[in-house]
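Q: Next up is a structure, given as C-alpha cells.
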Amino acid sequence: MALLPIFFGALRSVSCAKSKNSSEMPETITSRDAARFPIVASCTLLGLYLFFKIFSQEYINLLLSMYFFVLGILALSHTISPMMNRFFPANFPNKQYQLLFTQGSGESKEEIVNYEFDTKDLVCLALSSVVGVWYLLRKHWIANNLFGLAFSLNGVELLHLNNVSTGCILLGGLFIYDVFWVFGTNVMVTVAKSFEAPIKLVFPQDLLEKGLDADNFAMLGLGDIVIPGIFIALLLRFDISLKKNTHTYFYTSFVAYIFGLGLTIFIMHIFKHAQPALLYLVPACIGFPLLVALAKGEVTEMFSYESSAEILPHTPRLTHFPTVSGSPASLADSMQQKLSCPRRRRQQSPSAM
C-alpha cells in the first residue's frame with residue numbers, strides 16, 4: 001500500500017507543477033523549511049504526548065476524528081476525481097461553480113479563498129463522504145487506510161522540494177528525528193498507538209484468522225511514505241529535465257524505497273521491536289541514486305538542478321537590479337516606448353514523460 005501513493009503521487013506531481021489552477025499549485029519546500037521541519041515535528045510530537053498524558057484520551061480523539069473526518073473527505077475526493085472522470089458519460093450535465101471569499105472592498109479587496117469546482121467534483125465529494133461516515137462511526141481499518149492513502153498521495157503530489165540539497169537536508173534531519181524519538185524515548189510509539197486518526201497505514205496481522213474484524217495491526221506512519229515520496233518525485237522531475245527519455249533516477253530511488261522498507265520489516269521481525277523506518281529508508285533513497293549519478297558522471301547536474309526553474313519555466317525571476325537614472329518624466333517616456341515595442345517570445349519545448 002505504501003508504494004501506490006509514492007508512484008502515482010510522483011507522476012501527478014509533474015502535471016501539478018505545470019498546472020495554472022490555484023487550487024492545485026504545489027507548495028515548495030526550501031532549505032530553510034527543511035532545516036526547521038524536524039524541530040517543528042519534535043515540538044508537535046511532544047505536545048501530543050503531553051496532551052494524551054494530561055487530558056482524557058477519549059475527548060482528544062473525538063476532536064481529532066472530526067478534524068480528520070473533514071480533511072479526509074476533501075483529500076479522498078481530490079484523489080479519486082481524475083479516476084472518476086472516466087466513468088461519467090459524455091452527456092453528463094456538468095456545471096461549473098466557484099467558492100469565493102474576499103476581504104475588504106474596492107481597491108483594497110483581497111481574495112481569501114478562491115476555489116473552482118464542478119458537478120463531477122460534488123459527486124466525488126459525496127462518495128468520499130460515505131467513506132468518512134464509515135470511518136467516523138466504525139473506525140474500520142479499511143476506511144482508515146483509504147484516508148491514509150489519500151493523504152499520502154496528496155502530500156507527494158502537492159509538496160515539492162526545490163532541489164536535491166534541500167531533500168538531503170530534510171531526509172537527514174528527519175533521520176535523526178525518527179531514530180531519537182523511537183529508540184531514545186517511548187514518545188512516538190505511545191502517540192502512534194493512542195492517536196486514533198488516519199495518520200498511519202495499518203494492516204491486520206490476524207487477517208486470516210479473524211477476517212475483516214481483525215484487531216492486531218502492524219502500522220506504518222504516513223511520514224515514512226510522504227517524506228521519501230517527495231524526494232522520489234523530485235528525482236522524477238530531474239529525469240524529465242535531462243530530456244533523455246529515461247527515468248533512471250526515479251526507478252532507482254523507487255527500488256531503493258522498496259529495499260529500505262523491506263529491510264525495516266525484516267529487522268522488526270528479528271528484534272520484535274518497533275523500528276524507525278527512516279533509519280533504513282533515508283540511506284537507501286539517497287545512497288542508491290547518488291551511486292548511479294557517480295557512475296554516470298551526473299552528480300553536478302543532480303545537485304545544480306532546480307525543480308521550479310525546469311517545471312515552471314513561465315515563472316519570472318529577478319536576476320539583477322536595474323540601474324535607474326534620469327527624471328521621472330524621462331523614465332515614463334522610456335518605459336512607454338519599451339511597452340509599445342513588440343517583444344519576441346522564446347519558444348519552449350514542453351517536457352514529455
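Residue numbers start at 1 in each chain; chains themselves are named A, B, ... in the order of the C-alpha cells; ligands are numbered from 1 in the order shown.
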DSSP says strand (DSSP E or B) for which residues of range 197-280 of chain A? Put them as a list of chain:residue names?

A: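 Reading the DSSP output for range 197-280 of chain A, strand (DSSP E or B) covers A:Lys200, A:Leu201, A:Val202, A:Phe203, A:Pro204, A:Phe217, A:Ala218, A:Met219, A:Leu220, A:Gly221.
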
Q: Excluding range 31-38 of chain A and its own-chain neighbours fewer than 3 positions away, which residues fall within 12 Å of it when counting only C-alpha atoms? Please give them as a PyMOL selection string.

A: chain A and resi 27-28+41-45+159-181+223+227+231

Q: Between CA of Leu100 in chain A and CA of Val113 in chain A, what is the distance in Å, rounded to a tenth?

A: 5.4 Å

Q: Write out as a JSON list (two decimals) with C-alpha atoms, in the first residue's frame all residues of range 141-269 of chain A that DSSP puts in helix (DSSP H, G or I) for this structure's backbone.

A:
```
[["chain", "number", "residue", "atom", "x", "y", "z"],
["A", 141, "TRP", "CA", -9.02, -0.19, 9.24],
["A", 142, "ILE", "CA", -10.06, -0.16, 5.57],
["A", 143, "ALA", "CA", -11.61, 3.32, 5.90],
["A", 144, "ASN", "CA", -8.51, 4.43, 7.82],
["A", 145, "ASN", "CA", -6.27, 3.21, 5.01],
["A", 146, "LEU", "CA", -8.37, 4.87, 2.30],
["A", 147, "PHE", "CA", -7.95, 8.19, 4.06],
["A", 148, "GLY", "CA", -4.27, 7.48, 4.76],
["A", 149, "LEU", "CA", -3.57, 6.68, 1.12],
["A", 150, "ALA", "CA", -5.37, 9.85, 0.04],
["A", 151, "PHE", "CA", -3.35, 11.98, 2.47],
["A", 152, "SER", "CA", -0.11, 10.37, 1.27],
["A", 153, "LEU", "CA", -0.85, 10.77, -2.43],
["A", 154, "ASN", "CA", -1.87, 14.41, -1.99],
["A", 155, "GLY", "CA", 1.25, 15.04, 0.08],
["A", 156, "VAL", "CA", 3.59, 13.61, -2.56],
["A", 157, "GLU", "CA", 1.72, 15.45, -5.30],
["A", 158, "LEU", "CA", 1.44, 18.89, -3.70],
["A", 164, "VAL", "CA", 18.31, 17.73, -4.19],
["A", 165, "SER", "CA", 20.28, 19.53, -1.48],
["A", 166, "THR", "CA", 17.03, 20.53, 0.23],
["A", 167, "GLY", "CA", 15.88, 16.92, 0.01],
["A", 168, "CYS", "CA", 19.08, 15.72, 1.66],
["A", 169, "ILE", "CA", 18.68, 18.27, 4.47],
["A", 170, "LEU", "CA", 15.05, 17.24, 5.04],
["A", 171, "LEU", "CA", 15.70, 13.49, 4.97],
["A", 172, "GLY", "CA", 18.84, 13.82, 7.08],
["A", 173, "GLY", "CA", 17.08, 15.87, 9.75],
["A", 174, "LEU", "CA", 14.11, 13.51, 9.93],
["A", 175, "PHE", "CA", 16.51, 10.56, 10.02],
["A", 176, "ILE", "CA", 17.85, 11.88, 13.35],
["A", 177, "TYR", "CA", 14.32, 12.80, 14.49],
["A", 178, "ASP", "CA", 12.94, 9.32, 13.81],
["A", 179, "VAL", "CA", 15.83, 7.46, 15.45],
["A", 180, "PHE", "CA", 15.76, 9.64, 18.57],
["A", 181, "TRP", "CA", 12.02, 9.50, 19.22],
["A", 182, "VAL", "CA", 11.75, 5.74, 18.59],
["A", 183, "PHE", "CA", 14.93, 4.42, 20.22],
["A", 184, "GLY", "CA", 15.61, 7.21, 22.72],
["A", 187, "VAL", "CA", 7.03, 9.08, 22.90],
["A", 188, "MET", "CA", 6.47, 8.21, 19.23],
["A", 189, "VAL", "CA", 5.23, 4.66, 19.88],
["A", 190, "THR", "CA", 2.86, 5.94, 22.59],
["A", 191, "VAL", "CA", 1.42, 8.67, 20.38],
["A", 192, "ALA", "CA", 1.09, 6.32, 17.39],
["A", 193, "LYS", "CA", -0.89, 3.80, 19.46],
["A", 194, "SER", "CA", -3.03, 6.42, 21.22],
["A", 207, "LEU", "CA", -6.43, -11.20, 8.88],
["A", 208, "LEU", "CA", -6.57, -14.91, 8.03],
["A", 209, "GLU", "CA", -7.93, -15.78, 11.48],
["A", 210, "LYS", "CA", -10.50, -13.02, 12.03],
["A", 211, "GLY", "CA", -11.07, -11.66, 8.53],
["A", 212, "LEU", "CA", -12.14, -8.03, 8.25],
["A", 213, "ASP", "CA", -12.73, -7.89, 12.03],
["A", 223, "GLY", "CA", 5.60, 10.44, 7.20],
["A", 224, "ASP", "CA", 7.55, 7.32, 6.23],
["A", 225, "ILE", "CA", 5.69, 7.45, 2.91],
["A", 226, "VAL", "CA", 5.40, 11.17, 2.14],
["A", 227, "ILE", "CA", 8.94, 12.28, 3.10],
["A", 228, "PRO", "CA", 10.78, 9.74, 0.89],
["A", 229, "GLY", "CA", 7.98, 10.13, -1.67],
["A", 230, "ILE", "CA", 8.55, 13.83, -2.30],
["A", 231, "PHE", "CA", 12.27, 13.12, -2.76],
["A", 232, "ILE", "CA", 11.49, 10.36, -5.28],
["A", 233, "ALA", "CA", 9.09, 12.74, -7.08],
["A", 234, "LEU", "CA", 11.88, 15.33, -7.26],
["A", 235, "LEU", "CA", 14.15, 12.77, -8.94],
["A", 236, "LEU", "CA", 11.41, 12.02, -11.47],
["A", 237, "ARG", "CA", 11.29, 15.71, -12.40],
["A", 238, "PHE", "CA", 15.09, 15.68, -12.61],
["A", 239, "ASP", "CA", 14.88, 12.72, -15.01],
["A", 240, "ILE", "CA", 12.47, 14.69, -17.19],
["A", 241, "SER", "CA", 14.76, 17.75, -17.15],
["A", 242, "LEU", "CA", 17.60, 15.64, -18.60],
["A", 248, "THR", "CA", 16.74, 6.08, -14.28],
["A", 249, "TYR", "CA", 16.85, 8.07, -11.04],
["A", 250, "PHE", "CA", 13.12, 7.70, -10.41],
["A", 251, "TYR", "CA", 13.16, 3.92, -10.76],
["A", 252, "THR", "CA", 16.42, 3.65, -8.82],
["A", 253, "SER", "CA", 15.01, 5.59, -5.87],
["A", 254, "PHE", "CA", 11.71, 3.69, -6.08],
["A", 255, "VAL", "CA", 13.54, 0.36, -5.89],
["A", 256, "ALA", "CA", 15.65, 1.80, -3.06],
["A", 257, "TYR", "CA", 12.46, 2.61, -1.14],
["A", 258, "ILE", "CA", 11.23, -0.98, -1.59],
["A", 259, "PHE", "CA", 14.59, -2.27, -0.37],
["A", 260, "GLY", "CA", 14.61, 0.05, 2.66],
["A", 261, "LEU", "CA", 11.04, -0.77, 3.63],
["A", 262, "GLY", "CA", 11.67, -4.50, 3.26],
["A", 263, "LEU", "CA", 14.75, -4.19, 5.43],
["A", 264, "THR", "CA", 12.70, -2.35, 8.07],
["A", 265, "ILE", "CA", 10.13, -5.15, 8.19],
["A", 266, "PHE", "CA", 12.87, -7.79, 8.36],
["A", 267, "ILE", "CA", 14.69, -6.08, 11.26],
["A", 268, "MET", "CA", 11.39, -5.54, 13.07],
["A", 269, "HIS", "CA", 10.56, -9.24, 12.94]]
```

Q: Please measure the separation of CA of Ala126 in chain A and CA of Leu76 in chain A, giving the value in Å to one decimal.

A: 10.5 Å

Q: A:Ser15, A:Ser65, A:Thr185, A:Ser108: which is nearest Tyr49 in chain A, counting only C-alpha atoms?

A: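 The shortest atom-to-atom distance to Tyr49 in chain A comes from A:Thr185.
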
Q: Would you mind reading off the distance between CA of Asn61 in chain A and CA of Pro5 in chain A, one decimal, in Å?

A: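 CA of Pro5 in chain A lies at a distance of 25.7 Å from CA of Asn61 in chain A.
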